[in-house]
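This is my_file.pdb (PDB, C-alpha atoms).
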ATOM      1  CA  MET Q 969       0.000   0.000   0.000  1.00  0.00           C
ATOM      2  CA  THR Q 970       2.917   2.326   0.730  1.00  0.00           C
ATOM      3  CA  TRP Q 971       4.273   1.842  -2.798  1.00  0.00           C
ATOM      4  CA  SER Q 972       0.870   2.649  -4.340  1.00  0.00           C
ATOM      5  CA  LEU Q 973       0.378   5.706  -2.142  1.00  0.00           C
ATOM      6  CA  ARG Q 974       3.814   7.058  -3.045  1.00  0.00           C
ATOM      7  CA  LYS Q 975       3.178   6.478  -6.767  1.00  0.00           C
ATOM      8  CA  LEU Q 976      -0.187   8.275  -6.587  1.00  0.00           C
ATOM      9  CA  GLU Q 977       1.332  11.195  -4.687  1.00  0.00           C
ATOM     10  CA  GLU Q 978       4.015  11.465  -7.374  1.00  0.00           C
ATOM     11  CA  ASN Q 979       1.529  11.120 -10.247  1.00  0.00           C
ATOM     12  CA  PRO Q 980      -2.214  11.553  -9.575  1.00  0.00           C
ATOM     13  CA  ASP Q 981      -2.867  10.490 -13.205  1.00  0.00           C
ATOM     14  CA  ALA Q 982      -1.759   6.971 -12.212  1.00  0.00           C
ATOM     15  CA  ILE Q 983      -5.199   6.204 -10.729  1.00  0.00           C
ATOM     16  CA  GLY Q 984      -6.301   2.910 -12.257  1.00  0.00           C
ATOM     17  CA  TRP Q 985      -2.760   2.091 -13.417  1.00  0.00           C
ATOM     18  CA  LEU Q 986      -1.299   0.679 -10.230  1.00  0.00           C
ATOM     19  CA  LEU Q 987      -1.895  -2.289  -7.952  1.00  0.00           C
ATOM     20  CA  TRP Q 988      -5.003  -4.182  -6.862  1.00  0.00           C
ATOM     21  CA  TYR Q 989      -5.519  -6.951  -4.371  1.00  0.00           C
ATOM     22  CA  VAL Q 990      -6.770 -10.266  -5.709  1.00  0.00           C
ATOM     23  CA  LEU Q 991      -9.626 -11.311  -3.429  1.00  0.00           C
ATOM     24  CA  ARG Q 992     -11.359 -14.640  -2.990  1.00  0.00           C
ATOM     25  CA  THR Q 993     -14.552 -15.169  -1.047  1.00  0.00           C
ATOM     26  CA  ILE Q 994     -14.120 -18.016   1.414  1.00  0.00           C
ATOM     27  CA  GLU Q 995     -17.011 -18.886   3.727  1.00  0.00           C
ATOM     28  CA  GLY Q 996     -18.678 -15.556   3.000  1.00  0.00           C
ATOM     29  CA  ARG Q 997     -15.602 -13.400   3.711  1.00  0.00           C
ATOM     30  CA  ALA Q 998     -13.202 -11.756   1.289  1.00  0.00           C
ATOM     31  CA  HIS Q 999      -9.592 -12.857   1.677  1.00  0.00           C
ATOM     32  CA  ALA Q1000      -6.590 -11.312  -0.062  1.00  0.00           C
ATOM     33  CA  ILE Q1001      -4.901 -14.096  -2.011  1.00  0.00           C
ATOM     34  CA  GLY Q1002      -2.553 -12.023  -4.142  1.00  0.00           C
ATOM     35  CA  VAL Q1003      -1.872  -8.802  -5.986  1.00  0.00           C
ATOM     36  CA  ALA Q1004      -1.989  -7.799  -9.633  1.00  0.00           C
ATOM     37  CA  GLY Q1005      -1.612  -4.538 -11.432  1.00  0.00           C
ATOM     38  CA  PHE Q1006       0.363  -2.128 -13.520  1.00  0.00           C
ATOM     39  CA  THR Q1007       3.685  -0.482 -12.760  1.00  0.00           C
ATOM     40  CA  GLY Q1008       2.221   2.848 -13.843  1.00  0.00           C
ATOM     41  CA  PRO Q1009       0.336   4.535 -16.679  1.00  0.00           C
ATOM     42  CA  PRO Q1010       1.146   3.571 -20.279  1.00  0.00           C
ATOM     43  CA  VAL Q1011       4.161   5.148 -21.934  1.00  0.00           C
ATOM     44  CA  ASP Q1012       4.443   5.279 -25.729  1.00  0.00           C
ATOM     45  CA  GLY Q1013       1.556   2.808 -26.133  1.00  0.00           C
ATOM     46  CA  ARG Q1014       2.998   0.238 -23.716  1.00  0.00           C
ATOM     47  CA  CYS Q1015       2.264  -0.678 -20.120  1.00  0.00           C
ATOM     48  CA  GLU Q1016       3.776  -3.242 -17.790  1.00  0.00           C
ATOM     49  CA  ILE Q1017       1.934  -5.660 -15.537  1.00  0.00           C
ATOM     50  CA  GLY Q1018       2.904  -7.801 -12.587  1.00  0.00           C
ATOM     51  CA  TYR Q1019       1.079 -10.318 -10.438  1.00  0.00           C
ATOM     52  CA  SER Q1020       1.583 -12.688  -7.549  1.00  0.00           C
ATOM     53  CA  VAL Q1021      -0.709 -15.225  -5.891  1.00  0.00           C
ATOM     54  CA  MET Q1022      -0.154 -16.783  -2.476  1.00  0.00           C
ATOM     55  CA  PRO Q1023       1.395 -20.277  -2.774  1.00  0.00           C
ATOM     56  CA  ASP Q1024      -1.634 -22.093  -1.326  1.00  0.00           C
ATOM     57  CA  GLN Q1025      -3.898 -20.389  -3.909  1.00  0.00           C
ATOM     58  CA  GLN Q1026      -1.763 -21.068  -6.988  1.00  0.00           C
ATOM     59  CA  ARG Q1027      -2.750 -23.332  -9.885  1.00  0.00           C
ATOM     60  CA  MET Q1028      -6.438 -22.514  -9.424  1.00  0.00           C
ATOM     61  CA  GLY Q1029      -6.724 -19.991 -12.280  1.00  0.00           C
ATOM     62  CA  TYR Q1030      -6.645 -16.836 -10.148  1.00  0.00           C
ATOM     63  CA  ALA Q1031      -3.494 -15.392 -11.735  1.00  0.00           C
ATOM     64  CA  THR Q1032      -4.848 -16.083 -15.221  1.00  0.00           C
ATOM     65  CA  GLU Q1033      -8.134 -14.391 -14.331  1.00  0.00           C
ATOM     66  CA  ALA Q1034      -6.282 -11.396 -12.888  1.00  0.00           C
ATOM     67  CA  VAL Q1035      -4.017 -11.039 -15.923  1.00  0.00           C
ATOM     68  CA  ARG Q1036      -6.981 -11.241 -18.297  1.00  0.00           C
ATOM     69  CA  ALA Q1037      -8.705  -8.486 -16.318  1.00  0.00           C
ATOM     70  CA  LEU Q1038      -5.556  -6.355 -16.530  1.00  0.00           C
ATOM     71  CA  LEU Q1039      -5.414  -6.898 -20.289  1.00  0.00           C
ATOM     72  CA  GLN Q1040      -9.054  -5.943 -20.614  1.00  0.00           C
ATOM     73  CA  ARG Q1041      -8.360  -2.753 -18.636  1.00  0.00           C
ATOM     74  CA  ALA Q1042      -5.223  -1.951 -20.630  1.00  0.00           C
ATOM     75  CA  PHE Q1043      -6.721  -2.493 -24.053  1.00  0.00           C
ATOM     76  CA  ALA Q1044      -9.848  -0.520 -23.134  1.00  0.00           C
ATOM     77  CA  SER Q1045      -7.491   2.463 -23.204  1.00  0.00           C
ATOM     78  CA  PRO Q1046      -7.190   3.551 -26.863  1.00  0.00           C
ATOM     79  CA  GLY Q1047      -3.526   4.508 -26.538  1.00  0.00           C
ATOM     80  CA  VAL Q1048      -2.346   1.087 -25.355  1.00  0.00           C
ATOM     81  CA  ASP Q1049      -1.030  -1.178 -28.095  1.00  0.00           C
ATOM     82  CA  GLU Q1050       1.128  -3.539 -26.047  1.00  0.00           C
ATOM     83  CA  VAL Q1051       1.399  -4.987 -22.534  1.00  0.00           C
ATOM     84  CA  ILE Q1052       4.651  -6.415 -21.226  1.00  0.00           C
ATOM     85  CA  ALA Q1053       5.599  -8.522 -18.224  1.00  0.00           C
ATOM     86  CA  TYR Q1054       8.878  -9.787 -16.807  1.00  0.00           C
ATOM     87  CA  THR Q1055       9.642 -13.082 -15.111  1.00  0.00           C
ATOM     88  CA  TYR Q1056      12.432 -15.553 -14.516  1.00  0.00           C
ATOM     89  CA  PRO Q1057      12.847 -18.401 -17.023  1.00  0.00           C
ATOM     90  CA  ASN Q1058      12.500 -21.010 -14.263  1.00  0.00           C
ATOM     91  CA  LEU Q1059       9.072 -19.719 -13.135  1.00  0.00           C
ATOM     92  CA  THR Q1060       7.145 -22.114 -15.352  1.00  0.00           C
ATOM     93  CA  PRO Q1061       3.738 -21.374 -13.745  1.00  0.00           C
ATOM     94  CA  SER Q1062       4.142 -17.638 -14.409  1.00  0.00           C
ATOM     95  CA  ILE Q1063       5.122 -18.301 -18.014  1.00  0.00           C
ATOM     96  CA  GLY Q1064       2.091 -20.607 -18.273  1.00  0.00           C
ATOM     97  CA  VAL Q1065      -0.203 -17.787 -17.169  1.00  0.00           C
ATOM     98  CA  MET Q1066       1.251 -15.469 -19.770  1.00  0.00           C
ATOM     99  CA  THR Q1067       1.013 -18.102 -22.502  1.00  0.00           C
ATOM    100  CA  LYS Q1068      -2.674 -18.691 -21.692  1.00  0.00           C
ATOM    101  CA  CYS Q1069      -3.166 -14.943 -22.051  1.00  0.00           C
ATOM    102  CA  ARG Q1070      -1.429 -14.881 -25.469  1.00  0.00           C
ATOM    103  CA  PHE Q1071       1.833 -13.313 -24.359  1.00  0.00           C
ATOM    104  CA  VAL Q1072       4.877 -14.266 -26.433  1.00  0.00           C
ATOM    105  CA  PHE Q1073       8.533 -14.384 -25.473  1.00  0.00           C
ATOM    106  CA  ASP Q1074      10.213 -11.067 -26.287  1.00  0.00           C
ATOM    107  CA  GLY Q1075      13.839 -11.478 -25.227  1.00  0.00           C
ATOM    108  CA  PRO Q1076      15.878 -10.681 -22.144  1.00  0.00           C
ATOM    109  CA  GLY Q1077      14.341  -8.673 -19.333  1.00  0.00           C
ATOM    110  CA  ASN Q1078      15.533  -5.438 -17.794  1.00  0.00           C
ATOM    111  CA  ALA Q1079      17.000  -7.124 -14.689  1.00  0.00           C
ATOM    112  CA  ILE Q1080      19.742  -9.732 -14.672  1.00  0.00           C
ATOM    113  CA  GLY Q1081      18.368 -13.201 -15.315  1.00  0.00           C
ATOM    114  CA  THR Q1082      14.851 -12.086 -16.273  1.00  0.00           C
ATOM    115  CA  VAL Q1083      12.957 -12.477 -19.536  1.00  0.00           C
ATOM    116  CA  ARG Q1084      10.287 -10.292 -21.092  1.00  0.00           C
ATOM    117  CA  TYR Q1085       6.960 -11.356 -22.553  1.00  0.00           C
ATOM    118  CA  ARG Q1086       4.528  -9.181 -24.493  1.00  0.00           C
ATOM    119  CA  VAL Q1087       1.040  -9.261 -25.907  1.00  0.00           C
ATOM    120  CA  ARG Q1088      -0.260  -6.879 -28.535  1.00  0.00           C
ATOM    121  CA  ARG Q1089      -3.780  -5.543 -28.790  1.00  0.00           C
ATOM    122  CA  ALA Q1090      -4.612  -7.675 -31.863  1.00  0.00           C
ATOM    123  CA  ALA Q1091      -3.528 -10.932 -30.174  1.00  0.00           C
ATOM    124  CA  SER Q1092      -5.515 -10.120 -27.063  1.00  0.00           C
ATOM    125  CA  ALA Q1093      -8.579  -9.146 -29.100  1.00  0.00           C
ATOM    126  CA  ALA Q1094      -8.474 -12.587 -30.744  1.00  0.00           C
ATOM    127  CA  GLN Q1095      -9.158 -14.120 -27.335  1.00  0.00           C
ATOM    128  CA  PRO Q1096     -12.926 -14.734 -27.163  1.00  0.00           C
ATOM    129  CA  ASP Q1097     -13.302 -13.728 -23.528  1.00  0.00           C
ATOM    130  CA  PHE Q1098     -11.392 -12.996 -20.384  1.00  0.00           C
ATOM    131  CA  ALA Q1099     -12.800 -15.823 -18.283  1.00  0.00           C
ATOM    132  CA  PRO Q1100     -10.349 -18.161 -16.580  1.00  0.00           C
ATOM    133  CA  SER Q1101      -9.420 -21.248 -18.574  1.00  0.00           C
TER     134      SER Q1101
END

Take the structure in the file and write it out as structure tokens.
Amino acid sequence: MTWSLRKLEENPDAIGWLLWYVLRTIEGRAHAIGVAGFTGPPVDGRCEIGYSVMPDQQRMGYATEAVRALLQRAFASPGVDEVIAYTYPNLTPSIGVMTKCRFVFDGPGNAIGTVRYRVRRAASAAQPDFAPS
């Protein structure tokens, strides 16, 4: 929350382009099971996403659902043509989420040992819906 607050204080136009909690209703109560969001507003037609789901909630489709919602949000903005994400090559589940969401490998990442994936508006639009698969 501190990171988001600082980003909004620095740039009030970042509203809607930062972080959200991923919530799951369990026995009638909402529980935070992860986070997903953008690193900031789009720049030159591109925005970056990130996501994380608690270990005991992984492999249930929540990350895929969150990423599809982020793509829907991003591509609802007319100026966004591409969404990127970074991961480590050994994080097979994270790469699986991106693959399900039509991201493609795009070379080395910006931090040592990371790789970048991207999805363009046209590839995302070809996806019939944003429901978890």

Requested in this report: Find the residue from Q:Ala1053, Q:Ala1000, Q:Val1087, Q:Leu1038 that sits nearest to Gly1018 (chain Q); use only C-alpha atoms when measuring.
Outcome: Q:Ala1053

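This file, filtered with the PyMOL selection byres ((chain Q and resi 1037) around 12), gives the residues Trp988, Val990, Ala1004, Gly1005, Phe1006, Ile1017, Tyr1019, Tyr1030, Ala1031, Thr1032, Glu1033, Ala1034, Val1035, Arg1036, Leu1038, Leu1039, Gln1040, Arg1041, Ala1042, Phe1043, Ala1044, Cys1069, Ser1092, Asp1097, Phe1098, Ala1099 and Pro1100 of chain Q.
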
Query raised in the report: Can you list, as a PyMOL selection string, every protein, DNA or RNA residue that comes within 8 Å of Tyr1056 (chain Q) when you count all atoms listed in the file, leaving out same-chain residues fewer than 6 positions away?
Result: chain Q and resi 1081-1083

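In this comparison, which uses only C-alpha atoms, the residue of Q:Glu1050, Q:Leu986, Q:Glu995, Q:Ala1091 approaching Lys1068 (chain Q) most closely is Q:Ala1091.
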
Report task. Calculate how many Å separate CA of Asp1049 (chain Q) from CA of Gly1013 (chain Q), rounding to one decimal. Result -> 5.1 Å

Requested in this report: Please identify all polymer residues within 12 Å of Ala982 (chain Q), counting all atoms listed in the file, omitting same-chain residues fewer than 4 positions from it, and present them as JSON, numbers by chain.
Outcome: {"Q": [972, 973, 974, 975, 976, 977, 978, 986, 987, 1005, 1006, 1007, 1008, 1009, 1010, 1011, 1015]}

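Minimum atom-to-atom distance to Ile1080 (chain Q), evaluated using only C-alpha atoms, belongs to Q:Tyr1054 out of Q:Tyr1054, Q:Val1048, Q:Ala998, Q:Pro980.
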
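For the pair CA of Gln1026 (chain Q) and CA of Val1051 (chain Q), the interatomic distance is 22.6 Å.
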
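The interatomic distance for the pair CA of Arg1089 (chain Q) and CA of Gly1077 (chain Q) works out to 20.7 Å.
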
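Residue nearest Ile1052 (chain Q) within the list Q:Ser1020, Q:His999, Q:Gly1075, Q:Gly1029: Q:Gly1075 [criterion: smallest interatomic distance, only C-alpha atoms].
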
Query raised in the report: Using all atoms listed in the file, which residues sit within 7 Å of Asp1074 (chain Q) once same-chain residues fewer than 3 positions away are excluded, as a PyMOL selection string?
Result: chain Q and resi 1084-1086

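Distances from Q:Met969, Q:Val1003, Q:Asn1058, Q:Gly984 to Gln1025 (chain Q) were compared using all atoms listed in the file, and the smallest one belongs to Q:Val1003.
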
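Using only C-alpha atoms, the smallest distance between any of Q:Gly996, Q:Ser1045, Q:Val1065, Q:Leu1059 and Arg1027 (chain Q) comes from Q:Val1065.
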
Let me have the centre and edge lengths in Å, one decimal, of the box along x, y and z around every listed atom of region 1004-1020 of chain Q with 5 Å of margin on each side, as JSON.
{"center_x": 1.2, "center_y": -3.7, "center_z": -16.8, "size_x": 16.4, "size_y": 28.0, "size_z": 28.6}

Incomplete region 978-1002 of chain Q filled out to N, CA and C atoms as a compact mmCIF listing (two decimals), in the coordinates of the input:
# COMPACT_ATOMS: atom_id res chain seq x y z
N GLU Q 978 3.10 10.99 -6.33
CA GLU Q 978 4.01 11.46 -7.37
C GLU Q 978 3.28 11.77 -8.68
N ASN Q 979 2.23 11.00 -8.97
CA ASN Q 979 1.53 11.12 -10.25
C ASN Q 979 0.04 10.80 -10.06
N PRO Q 980 -0.78 11.80 -9.76
CA PRO Q 980 -2.21 11.55 -9.57
C PRO Q 980 -2.89 10.94 -10.80
N ASP Q 981 -2.30 11.09 -12.00
CA ASP Q 981 -2.87 10.49 -13.20
C ASP Q 981 -2.69 8.98 -13.23
N ALA Q 982 -2.00 8.42 -12.26
CA ALA Q 982 -1.76 6.97 -12.21
C ALA Q 982 -2.95 6.20 -11.65
N ILE Q 983 -4.01 6.90 -11.25
CA ILE Q 983 -5.20 6.20 -10.73
C ILE Q 983 -5.68 5.21 -11.79
N GLY Q 984 -5.87 3.96 -11.36
CA GLY Q 984 -6.30 2.91 -12.26
C GLY Q 984 -5.15 2.19 -12.95
N TRP Q 985 -3.94 2.68 -12.77
CA TRP Q 985 -2.76 2.09 -13.42
C TRP Q 985 -1.74 1.61 -12.40
N LEU Q 986 -2.22 1.19 -11.25
CA LEU Q 986 -1.30 0.68 -10.23
C LEU Q 986 -1.74 -0.70 -9.78
N LEU Q 987 -1.74 -0.95 -8.50
CA LEU Q 987 -1.90 -2.29 -7.95
C LEU Q 987 -3.27 -2.52 -7.35
N TRP Q 988 -3.77 -3.75 -7.50
CA TRP Q 988 -5.00 -4.18 -6.86
C TRP Q 988 -4.73 -5.45 -6.07
N TYR Q 989 -5.56 -5.67 -5.08
CA TYR Q 989 -5.52 -6.95 -4.37
C TYR Q 989 -6.39 -7.95 -5.12
N VAL Q 990 -5.96 -9.18 -5.16
CA VAL Q 990 -6.77 -10.27 -5.71
C VAL Q 990 -7.50 -10.88 -4.52
N LEU Q 991 -8.82 -10.84 -4.55
CA LEU Q 991 -9.63 -11.31 -3.43
C LEU Q 991 -10.38 -12.58 -3.81
N ARG Q 992 -10.56 -13.43 -2.82
CA ARG Q 992 -11.36 -14.64 -2.99
C ARG Q 992 -12.32 -14.73 -1.81
N THR Q 993 -13.57 -15.00 -2.11
CA THR Q 993 -14.55 -15.17 -1.05
C THR Q 993 -14.48 -16.60 -0.53
N ILE Q 994 -14.20 -16.72 0.75
CA ILE Q 994 -14.12 -18.02 1.41
C ILE Q 994 -15.05 -17.95 2.62
N GLU Q 995 -16.03 -18.84 2.64
CA GLU Q 995 -17.01 -18.89 3.73
C GLU Q 995 -17.63 -17.52 3.99
N GLY Q 996 -17.98 -16.83 2.90
CA GLY Q 996 -18.68 -15.56 3.00
C GLY Q 996 -17.81 -14.35 3.30
N ARG Q 997 -16.50 -14.53 3.41
CA ARG Q 997 -15.60 -13.40 3.71
C ARG Q 997 -14.55 -13.26 2.62
N ALA Q 998 -14.23 -12.03 2.29
CA ALA Q 998 -13.20 -11.76 1.29
C ALA Q 998 -11.82 -11.91 1.92
N HIS Q 999 -10.97 -12.64 1.23
CA HIS Q 999 -9.59 -12.86 1.68
C HIS Q 999 -8.65 -12.43 0.56
N ALA Q 1000 -7.61 -11.68 0.92
CA ALA Q 1000 -6.59 -11.31 -0.06
C ALA Q 1000 -5.74 -12.54 -0.35
N ILE Q 1001 -5.69 -12.92 -1.63
CA ILE Q 1001 -4.90 -14.10 -2.01
C ILE Q 1001 -3.75 -13.72 -2.95
N GLY Q 1002 -3.63 -12.45 -3.27
CA GLY Q 1002 -2.55 -12.02 -4.14
C GLY Q 1002 -2.70 -10.57 -4.53
